[in-house]
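A.B. asks: Here it is, the structure, as C-alpha cells.
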Amino acid sequence: MRSVSPLCGIASFGLMLILLSCQEKKTPLAPTSFTKTDSLTDTYLSLQDSVLQAWNMMLNDDNQKIKAMHNLTHELMVTDKEDIEKLVSIEQRLEQLVSLRYSQQTMGSPEVVEQYDFATNSLISELISIAEAQAEFQYNNTLQKLVDNINLADQRVNSYREEYDYIISRYNRFLEENKTYLKEIDPQAKFEKMPVFEMAEAE
C-alpha cells in the first residue's frame, strides 16, 4: 500500500485554502431593483396608451360613418334629381360636421357633445329617409349597404363611449391616488383628470 507524502497533504490543504479564499472574494451580483417610481411610471404610460387607443378607435369609427354618409349623398345625387338641392345642403352640412366634433378636452362641456350628436342624428335621419324613399331602394344594393353601414356605425357610438369612459375612469382614479408621487416624477406635468361622456350627460 502506497503512503501519502506529507508534502502532498500540505499542498492539497493549501489548494483548498486558496479556493475558499477565491470564493469569499467573489462580489455577489446586486439584485435588480424595481422602485415604486418605476412601477407608477409604467402604469401611467400604459394608461395613457389605453386612453389614446380607445379615443382613436372611437374617432376612426365616427369618421367611417361620416364617409359612408358622404358616399350615400353622392349616390343619391346621381339617382335623385328631385332632391338635388336638399342633397347639396346635406353635403355642405356634412363638410362642417367634423369641425363641430368634440375633443378630449371640450367634451367636458355637455353642450358641445349635444350639439354634435344633434347635428349628426339630423343628417342621418334626413339621408336615410331620402334613400329609403327611392323607388329603386329595394333592389339597389349600393344604397342598402350604405344605409346599413351608417346605421350600424351609429349603433356602435354608445359602446365606444362606454369603453372610453371605463378607461378614463381608471386613468382619473390612478391620478387621484398617485398625484403626489407623479408630481415628484415630473414636476412640470399637470396630471389633470379627463372628462367622460357620462359626466357630460349627467351635468
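How things are named: the first chain in the C-alpha cells is A, the next is B, and so on; residues count from 1 in each chain; ligands count from 1 in the order shown.
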Counting only C-alpha atoms, what are the residues of stretch 44-70 of chain A within 10 Å of stretch 96-102 of chain A, and for each of them which pair of atoms is the nearest and at what distance in Å, to one decimal? Sort the table by chain and rising number, as a Markdown table.
C.D. replies:
```
| residue | atom | partner | partner_atom | distance |
| --- | --- | --- | --- | --- |
| A:Leu59 | CA | A:Arg101 | CA | 9.7 |
| A:Asp62 | CA | A:Val98 | CA | 9.5 |
| A:Asn63 | CA | A:Val98 | CA | 8.4 |
| A:Ile66 | CA | A:Leu97 | CA | 8.4 |
```
A.B. asks: With only C-alpha atoms counted and 9 Å as the cut-off, give the residues of stretch 36-73 of chain A in contact with stretch 157-162 of chain A, each with its shortest interatomic distance in Å and the pair that gives it, as a Markdown table.
C.D. replies:
```
| residue | atom | partner | partner_atom | distance |
| --- | --- | --- | --- | --- |
| A:Ala54 | CA | A:Tyr160 | CA | 7.6 |
| A:Trp55 | CA | A:Tyr160 | CA | 8.5 |
| A:Met57 | CA | A:Tyr160 | CA | 7.9 |
| A:Met58 | CA | A:Tyr160 | CA | 5.7 |
| A:Asp61 | CA | A:Val157 | CA | 8.4 |
| A:Asp62 | CA | A:Val157 | CA | 7.8 |
```
A.B. asks: May I have the residues within 10 Å of A:Glu114 as a tab-separated table (two decimals) with C-alpha atoms, in the first residue's frame, using only C-alpha atoms and disregarding those fewer than 4 positions away in the same chain?
C.D. replies:
```tsv
chain	number	residue	atom	x	y	z
A	101	ARG	CA	-67.00	67.41	-33.11
A	102	TYR	CA	-65.85	67.43	-29.51
A	107	MET	CA	-66.34	67.08	-24.31
A	109	SER	CA	-68.96	70.71	-21.82
A	110	PRO	CA	-72.36	68.98	-22.30
A	118	PHE	CA	-77.94	66.57	-32.74
A	119	ALA	CA	-76.23	67.61	-35.99
A	120	THR	CA	-75.16	64.02	-36.72
A	200	ALA	CA	-71.07	65.35	-19.72
A	201	GLU	CA	-74.57	63.84	-19.99
```
A.B. asks: For A:Glu132, please output as a list in words all residues within 10 Å (counting only C-alpha atoms; exclusion window: fewer than 4 positions along the same chain).
C.D. replies: Leu127, Ile128, Glu136, Phe137, Gln138, Leu143, Gln144 and Val147 of chain A
A.B. asks: Output C-alpha atoms for every residue in the selection just made, as a tab-separated table (two decimals), in the first residue's frame.
C.D. replies:
```
chain	number	residue	atom	x	y	z
A	127	LEU	CA	-80.31	60.97	-45.56
A	128	ILE	CA	-81.84	57.60	-44.74
A	136	GLU	CA	-85.11	51.52	-56.57
A	137	PHE	CA	-84.04	51.22	-52.91
A	138	GLN	CA	-85.43	47.67	-52.58
A	143	LEU	CA	-77.92	52.24	-51.34
A	144	GLN	CA	-78.88	49.44	-48.97
A	147	VAL	CA	-77.64	52.78	-45.17
```
A.B. asks: Do you know which residues are at most 12 Å from A:Ser169 counting only C-alpha atoms, after dropping those on the same chain fewer than 3 positions away, and could you put them as a VMD selection string?
C.D. replies: chain A and resid 47 50 to 51 161 to 166 172 to 176 193 to 199
A.B. asks: Write the residues you've just listed into a file as a PDB file, in the first residue's frame, and include C-alpha atoms for each of them.
C.D. replies:
```pdb
ATOM      1  CA  LEU A  47     -52.988  54.013 -19.133  1.00  0.00           C
ATOM      2  CA  SER A  50     -55.060  52.773 -23.495  1.00  0.00           C
ATOM      3  CA  VAL A  51     -56.772  56.182 -23.482  1.00  0.00           C
ATOM      4  CA  ARG A 161     -68.254  55.863 -25.421  1.00  0.00           C
ATOM      5  CA  GLU A 162     -68.828  53.380 -22.602  1.00  0.00           C
ATOM      6  CA  GLU A 163     -65.429  51.789 -23.273  1.00  0.00           C
ATOM      7  CA  TYR A 164     -63.771  55.206 -23.352  1.00  0.00           C
ATOM      8  CA  ASP A 165     -65.476  56.195 -20.082  1.00  0.00           C
ATOM      9  CA  TYR A 166     -64.276  52.992 -18.428  1.00  0.00           C
ATOM     10  CA  ASN A 172     -58.588  59.505 -13.346  1.00  0.00           C
ATOM     11  CA  ARG A 173     -58.633  57.197 -10.337  1.00  0.00           C
ATOM     12  CA  PHE A 174     -54.936  56.445 -10.827  1.00  0.00           C
ATOM     13  CA  LEU A 175     -54.139  60.182 -10.930  1.00  0.00           C
ATOM     14  CA  GLU A 176     -56.158  60.825  -7.791  1.00  0.00           C
ATOM     15  CA  LYS A 193     -58.283  64.432 -14.822  1.00  0.00           C
ATOM     16  CA  MET A 194     -60.115  63.999 -18.123  1.00  0.00           C
ATOM     17  CA  PRO A 195     -63.868  64.349 -18.710  1.00  0.00           C
ATOM     18  CA  VAL A 196     -66.074  61.373 -19.550  1.00  0.00           C
ATOM     19  CA  PHE A 197     -69.255  61.158 -21.623  1.00  0.00           C
ATOM     20  CA  GLU A 198     -71.317  60.023 -18.643  1.00  0.00           C
ATOM     21  CA  MET A 199     -70.212  63.126 -16.761  1.00  0.00           C
TER      22      MET A 199
END
```
A.B. asks: Between A:Thr35, A:Leu87, A:Gln115, A:Leu40, single out the one closest to A:Leu182, counting only C-alpha atoms.
C.D. replies: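 Using only C-alpha atoms, A:Leu182 sits closest to A:Leu40.
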A.B. asks: To test your reading of the structure, identify every residue in chain A that backbone DSSP assigns to helix (DSSP H, G or I), and report it as a count of residues only.
C.D. replies: 158
A.B. asks: Counting only C-alpha atoms, figure out which residue out of A:Thr142, A:Gln134, A:Thr180, A:Ser129 gets nearest to A:Asp80.
C.D. replies: A:Gln134
A.B. asks: Determine the nearest neighbour of A:Leu76 from the options A:Ala133, A:Leu45, A:Leu123, A:Val112, counting only C-alpha atoms.
C.D. replies: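 The shortest atom-to-atom distance to A:Leu76 comes from A:Ala133.
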A.B. asks: Go through A:Ser122, A:Gln104, A:Asn71, A:Gln188 and flag the residue nearest A:Leu146, using only C-alpha atoms for the distances.
C.D. replies: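 Selected residue with least distance to A:Leu146: A:Asn71.
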